[in-house]
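Take a look at the structure below.
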Amino acid sequence: MNTLFYIGENYTFKPLQNYAIRYAQNLFGKIHCIYFLDSIDSPDTNKIDFTNQPDSTASNKADFSKILKHSLQTSQNLLILAYNSTFNGILNYFEKNFLLTPTLEKGSYTFKLQDCTILLQSPTTIPQKMIPQNSFNHTFLYPLGLDYQSALALLSPLANTHQIQLQITNKTHGIEILEAKANSKNTLESFLQEIRQTFQNKIFPSTNLAQSIIQLLADSKQKITTAESCTGGLLAYYLTQESGASEVFDGGIISYANALKESWLKVSRDNLDSFGAVSEAVVREMLQGALNLSGADFAIATSGVAGPGGGSASKPVGTIFIGVKSKKGEEIIKRVLFSGDRNYIQEQSCWYAYLMFLKLFFKLDF
């Protein structure tokens with residue numbers, strides 16, 4: 001039997017769950033038992049929270065030691081993906097309780113216990129999550145006009161005043177997110193109100209980024225469109241998952257092939273030949289073509305190498321060009337490099353694009 005333990009805060013972000021499972025499957029094949037853990041103070045704690053998966057046997061409150069020992073007895077391969085301070089705690093747990101000395105190779109610790117091979121992966125093995133799902137009494141803060149370190153330093157005194165727990169949820173690839181947790185909805189709202197008054201749009205609070213974008217556009221009576229290559233429609237999908245999308249989104253273009261970039265979006269053959277589809281020049285033309293076709297006020301465009309093949313020395317897998325443009329001519333185009341498998345690179349590209357749109361909308365990137 002092959003077992004996966006995933007230990008990390010806000011593990012409910014579905015794309016990351018899927019990626020963790022795919023990662024385990026690539027290592028071992030079929031995964032028979034999966035445990036997703038939120039966080040633990042130390043591996044020796046008696047009670048921790050589990051989220052059950054279809055193949056999991058853990059109860060809502062379970063004895064960590066008992067569940068782990070059972071997995072060790074029944075599993076041929078056991079993969080533990082542990083984040084942040086939990087990683088060292090789990091490492092110490094194996095050394096203390098099982099007297100095991102691991103071998104270390106490329107950030108992965110390997111233990112052997114009877115017939116079970118245990119892999120403890122380092123936090124850098126799988127990319128950090130970006131956008132966890134909604135939950136009562138907490139929200140996410142997106143630093144649009146300053147970096148996350150400055151945002152954390154400026155917000156901490158305010159958070160202490162309102163008794164808000166503030167932590168960094170993600171800080172990679174320009175997708176910077178802080179999480180704010182409160183004891184009550186009223187406390188959280190008071191905190192957020194003060195943020196809006198003090199920082200205006202430089203720190204953007206949201207529990208649902210796509211829904212927040214829809215609301216901003218609806219309030220200003222504006223519309224958005226998409227021109228997607230490597231993301232294959234995900235930008236449009238996330239928007240249309242939300243209620244009210246039809247008020248601000250009439251449609252988008254998935255121009256995966258160069259021929260359709262030319263015929264639908266009027267991307268020039270010269271730019272495709274000279275720079276390639278994965279380029280700033282092509283994304284710029286995709287943006288303008290989408291605006292011309294749709295009549296929308298804003299456009300988002302993506303073109304990149306999502307992998308696993310197709311990369312080169314100059315444009316390795318994970319290279320994505322992302323652009324946003326208004327019909328007034330305001331424009332931002334960025335080249336970014338993401339890590340992970342194909343699906344996770346696509347997910348990161350979408351959320352990065354949404355944050356770029358917010359910067360353009362609030363005129364924070366000029």
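For the structure tokens, the naming scheme is as follows: chains receive sequential letters (A, B, ...) according to their order of presentation, residues are indexed from 1 within each chain, and ligands are indexed from 1 in presentation order.
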
For range 18-27 of chain A, list every protein, DNA or RNA residue within 9 Å, evaluated using only C-alpha atoms, and leave out those in the same chain fewer than 6 positions away; present the list as a PyMOL selection string. chain A and resi 2-4+6+34+79+81+126+340-341+343-344

Quick one: residues within 12 Å of Glu330 in chain A, only C-alpha atoms counted, chain neighbours fewer than 2 positions away excluded, as JSON, numbers by chain? {"A": [284, 287, 288, 297, 298, 299, 323, 324, 325, 326, 327, 328, 332, 333, 357, 359, 360, 361, 362, 363, 364, 365, 366]}

Range 73-77 of chain A environment, 7 Å, only C-alpha atoms, sequence neighbours closer than 4 positions dropped, as a PyMOL selection string: chain A and resi 1-3+69+115-118

If you run DSSP over the backbone, which residues in range 169-306 of chain A end up strand (DSSP E or B)? Put them as a PyMOL selection string. chain A and resi 169-172+175-181+203-206+224-228+249-254+298-304

Considering only C-alpha atoms, give me a table of residues in range 250-346 of chain A that are at most 12 Å from range 164-183 of chain A, with the closest atom pair and distance in Å for each, as CSV.
residue,atom,partner,partner_atom,distance
A:Gly318,CA,A:His173,CA,11.0
A:Thr319,CA,A:His173,CA,11.4
A:Ile320,CA,A:His173,CA,11.3
A:Lys334,CA,A:Gly174,CA,10.5
A:Arg335,CA,A:His173,CA,10.6
A:Val336,CA,A:His173,CA,7.2
A:Leu337,CA,A:His173,CA,7.2
A:Phe338,CA,A:His173,CA,6.7
A:Ser339,CA,A:His173,CA,9.1
A:Gly340,CA,A:His173,CA,11.9
A:Ile345,CA,A:His173,CA,10.9

Nearest-residue call for Gln200 in chain A, choices A:Gly233, A:Pro143, A:Pro157, A:Leu68, using only C-alpha atoms: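 Under the stated criterion, the closest residue is A:Pro143.
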
Which neighbours of Ala296 in chain A fall inside 8 Å, counting only C-alpha atoms, when residues of the same chain fewer than 2 positions from it are skipped, and could you give them as a PyMOL selection string? chain A and resi 222-225+291-292+294+298-299+327

Prev. selection, all heavy atoms, output as a short mmCIF file (atom, residue, chain, number, x, y, z; two decimals), in the first residue's frame:
data_model
loop_
_atom_site.label_atom_id
_atom_site.label_comp_id
_atom_site.auth_asym_id
_atom_site.auth_seq_id
_atom_site.Cartn_x
_atom_site.Cartn_y
_atom_site.Cartn_z
N GLN A 222 -18.03 48.13 -15.88
CA GLN A 222 -17.03 47.81 -16.90
C GLN A 222 -16.98 46.31 -17.13
O GLN A 222 -17.48 45.52 -16.33
CB GLN A 222 -15.65 48.33 -16.46
CG GLN A 222 -15.59 49.84 -16.31
CD GLN A 222 -14.20 50.32 -15.96
OE1 GLN A 222 -13.42 50.68 -16.84
NE2 GLN A 222 -13.88 50.35 -14.68
N LYS A 223 -16.33 45.92 -18.24
CA LYS A 223 -16.25 44.52 -18.61
C LYS A 223 -14.81 44.10 -18.87
O LYS A 223 -13.94 44.93 -19.14
CB LYS A 223 -17.12 44.23 -19.83
CG LYS A 223 -18.62 44.36 -19.56
CD LYS A 223 -19.44 43.80 -20.69
CE LYS A 223 -20.93 43.84 -20.34
NZ LYS A 223 -21.76 43.18 -21.38
N ILE A 224 -14.60 42.80 -18.80
CA ILE A 224 -13.27 42.22 -19.02
C ILE A 224 -13.37 41.06 -20.00
O ILE A 224 -14.42 40.41 -20.11
CB ILE A 224 -12.66 41.75 -17.67
CG1 ILE A 224 -11.17 41.47 -17.82
CG2 ILE A 224 -13.41 40.52 -17.13
CD1 ILE A 224 -10.46 41.29 -16.48
N THR A 225 -12.29 40.81 -20.73
CA THR A 225 -12.21 39.67 -21.63
C THR A 225 -10.87 38.99 -21.46
O THR A 225 -9.97 39.52 -20.79
CB THR A 225 -12.41 40.10 -23.10
OG1 THR A 225 -12.55 38.94 -23.92
CG2 THR A 225 -11.24 40.94 -23.59
N LEU A 291 -9.37 42.98 -27.01
CA LEU A 291 -10.14 44.21 -26.78
C LEU A 291 -10.95 44.59 -28.02
O LEU A 291 -12.12 44.97 -27.92
CB LEU A 291 -9.20 45.35 -26.40
CG LEU A 291 -8.58 45.29 -25.00
CD1 LEU A 291 -7.53 46.39 -24.84
CD2 LEU A 291 -9.64 45.43 -23.92
N ASN A 292 -10.33 44.46 -29.19
CA ASN A 292 -11.03 44.81 -30.43
C ASN A 292 -12.21 43.89 -30.69
O ASN A 292 -13.29 44.34 -31.12
CB ASN A 292 -10.06 44.75 -31.61
CG ASN A 292 -8.98 45.82 -31.55
OD1 ASN A 292 -9.13 46.81 -30.84
ND2 ASN A 292 -7.89 45.62 -32.28
N SER A 294 -13.95 42.03 -28.46
CA SER A 294 -14.99 41.98 -27.42
C SER A 294 -15.63 43.33 -27.12
O SER A 294 -16.76 43.38 -26.64
CB SER A 294 -14.38 41.44 -26.13
OG SER A 294 -13.41 42.36 -25.61
N PHE A 298 -11.27 45.89 -20.34
CA PHE A 298 -9.99 45.32 -19.94
C PHE A 298 -9.80 43.96 -20.60
O PHE A 298 -10.77 43.24 -20.86
CB PHE A 298 -9.90 45.13 -18.42
CG PHE A 298 -9.98 46.40 -17.62
CD1 PHE A 298 -11.20 46.85 -17.13
CD2 PHE A 298 -8.84 47.16 -17.38
CE1 PHE A 298 -11.28 48.03 -16.40
CE2 PHE A 298 -8.90 48.34 -16.64
CZ PHE A 298 -10.13 48.77 -16.15
N ALA A 299 -8.54 43.60 -20.83
CA ALA A 299 -8.21 42.28 -21.35
C ALA A 299 -7.05 41.70 -20.55
O ALA A 299 -6.18 42.43 -20.07
CB ALA A 299 -7.84 42.35 -22.83
N LYS A 327 -8.78 49.51 -22.38
CA LYS A 327 -9.08 50.09 -23.70
C LYS A 327 -8.54 51.51 -23.83
O LYS A 327 -8.46 52.05 -24.93
CB LYS A 327 -10.58 50.05 -23.96
CG LYS A 327 -11.42 50.95 -23.09
CD LYS A 327 -12.89 50.84 -23.49
CE LYS A 327 -13.77 51.77 -22.66
NZ LYS A 327 -15.20 51.62 -23.04
#

Quick one: pull the distance between CA of Ser349 in chain A and CA of Pro205 in chain A, Å, one decimal. 20.0 Å

Using only C-alpha atoms: which of A:Tyr148, A:Ala353, A:Ile7, A:Thr231 has the shortest distance to Ala210 in chain A: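 Checking each candidate against Ala210 in chain A, we get A:Ala353 as the closest.
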
Need to verify the contact set: Ser190 in chain A, 9 Å, only C-alpha atoms, exclusion of same-chain residues closer than 5 positions in sequence. Can you return it as a VMD selection string? chain A and resid 162 185 195
